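> Mind looking over this structure? Questions follow.
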Amino acid sequence: MEQALTKTDIKELKRLFSGKVRDVYEVDNNKLLIVATDRISAFDVVFNEGIPEKGKVLTRISNKWFSMVGYRHHIISTEPEKELSFLSSYPELKDRCVLVKRLKRIDIEFVARGYLFGSAYKDYQRSGEVCGIKLPKGLKLAEKLPEPIFTPAIKASSGHDENVNIEKYKEIVGDRGLAEKLMSIILEIYKWAHDLLIEKGIILADTKLEFGLDEEGNYYIIDEMITPDSSRFWSVDTYKPGISPPNFDKQFIRDYLETLDWNKQPPPPPLPKDIIEKTIERYKAIERIILSL
Ligand SMILES: Nc1ncnc2c1ncn2[C@@H]1O[C@H](COP(=O)(O)OP(=O)(O)OP(=O)(O)O)[C@@H](O)[C@H]1O
Ligand SMILES: [Mg+2]
């Protein structure tokens with residue numbers, strides 16, 4: 001296994017911020033360089049160990065979806081070393097960087113779900129609703145929903161993202177017409193990707209997108225697209241409602257952490273080597289399937 005890359009330092013560029021996974025550098029007023037590291041977070045806590053190669057896998061998966069999707073997105077170049085020649089002196093960054101349009105992020109996680117899992121299942125158990133959407137009684141964990149639903153969450157600058165109802169969502173976006181448009185786009189993209197993957201024996205249970213706006217108010221998909229960090233992927237063969245289905249995503253790490261006596265606050269527990277290895281195996285398995293689409 002190669003070594004995990006958990007930190008970056010590009011001397012030629014100014015680092016604007018570091019997310020849980022990505023380091024974001026300023027190229028100029030209109031462009032950013034985004035580097036996907038091997039960092040991994042769960043329950044909003046970043047682990048000390050990285051998952052070797054994860055950033056490359058996420059970058060390749062996102063680039064594939066961006067190239068297929070029929071909507072405007074932030075990618076300017078998937079080979080930024082052509083434009084930024086100094087990147088050749090950072091071989092560890094190869095296959096992890098994209099040059100993107102610098103946009104104003106809408107502080108919402110645009111989540112579409114076709115199946116009941118995660119925070120949606122918790123909300124449903126408590127209230128029978130998710131983001132103000134009433135669901136039929138008696139649904140089991142991981143059960144298929146009658147219709148895919150849009151479950152927006154506010155992006156918290158620190159702490160956990162919070163699910164909100166559609167009215168609150170529209171207030172945050174501000175422009176109600178835009179809010180309705182983006183809501184229909186995320187649902188359409190979810191259904192499109194779900195139908196492509198089901199042909200390959202994979203269930204896309206849910207996915208999250210982010211959008212940004214340019215100065216004219218045009219919307220773009222930003223950040224990442226339909227990766228195992230931002231989505232849930234299950235196998236058609238082993239799927240069964242009522243249990244946490246075997247998966248090709250971060251749920252594997254979460255399921256492991258639930259076996260520990262850890263309060264989900266920093267500091268994080270160490271990640272054992274075999275958990276790290278099994279995680280990257282799963283990420284690579286879903287990568288192979290997505291790249292074959
Ligand atoms: N084209 C873009 N223009 C502006 N910001 C972007 C663009 N693409 C991605 N971003 C932002 O860059 C950051 C990428 O880092 P990362 O994915 O690690 O964040 P994160 O841990 O998910 O945290 P956050 O809650 O801030 O999104 C995110 O904050 C994302 O919203
Ligand atoms: Mg992110």
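Scheme for the structure tokens: letters A, B, ... for chains in order shown; per-chain residue numbers from 1; ligand numbers from 1 in order shown.
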What lies within 10 Å of Arg39 of chain A using only C-alpha atoms, ignoring chain neighbours under 5 positions off, as a list in words?

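Skipping anything fewer than 5 positions along the chain leaves Ala4, Leu5, Thr6, Lys7, Gly19, Lys20, Val21, Arg22, Val46, Phe47, Asn48, Glu49, Gly50, Ile51, Pro52, Glu53, Lys54 and Gly55 of chain A.
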
> Step by step, measure atom-to-atom distances between ligand 2 and each residue using only C-alpha atoms and all ligand atoms, keep those at most 12 Å, then write them as JSON, numbers by chain.

{"A": [18, 19, 20, 21, 22, 23, 24, 34, 35, 36, 37, 39, 40, 41, 44, 55, 58, 62, 105, 107, 108, 109, 110, 155, 156, 157, 161, 208, 209, 210, 211, 222, 223, 224, 225, 226, 227, 228, 229, 230, 231]}

> By how many Å are atom CA of Thr238 of chain A and atom CA of Leu116 of chain A apart?

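Interatomic distance here is 16.4 Å.
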
> Point out the residue among A:Gln265, A:Asn63, A:Thr78, A:Ser184 with the least atom-to-atom distance to His160 of chain A, counting only C-alpha atoms.

A:Gln265

> Enumerate the residues of segment 48-258 of chain A with a DSSP assignment of helix (DSSP H, G or I), computed from the backbone, and present them as JSON, numbers by chain.

{"A": [54, 55, 56, 57, 58, 59, 60, 61, 62, 63, 64, 65, 66, 67, 68, 80, 81, 82, 85, 86, 87, 88, 89, 91, 92, 93, 118, 119, 120, 121, 122, 123, 124, 125, 126, 127, 166, 167, 168, 169, 170, 171, 172, 173, 176, 177, 178, 179, 180, 181, 182, 183, 184, 185, 186, 187, 188, 189, 190, 191, 192, 193, 194, 195, 196, 197, 198, 251, 252, 253, 254, 255, 256, 257, 258]}

> Kindly indicate which residue among A:Gly217, A:Gly159, A:Gly177, A:Pro245 lies nearest to ligand 1, using only C-alpha atoms and all ligand atoms for the distances.

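Comparing A:Gly217, A:Gly159, A:Gly177, A:Pro245 against ligand 1, the winner is A:Gly159.
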
> Expressed in Å to a single decimal, how great is the separation between atom CA of Glu129 of chain A and atom CA of Ala142 of chain A?

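Separation between atom CA of Glu129 of chain A and atom CA of Ala142 of chain A: 15.1 Å.
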
> Residues of segment 22-262 of chain A classed as strand (DSSP E) by DSSP on the backbone are to be reported as a PyMOL selection string.

chain A and resi 22-26+31-36+41-42+45-46+75-77+97-101+104-105+108-115+129-130+133-134+144-150+153-154+162-163+202-213+219-222+231-235

> Could you check the closest approach to Tyr124 of chain A for each of A:Ile189, A:Ala112, A:Val27, A:Leu145 and tell me which residue wins, using only C-alpha atoms?

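When distances to Tyr124 of chain A are compared using only C-alpha atoms, the smallest one comes from A:Leu145.
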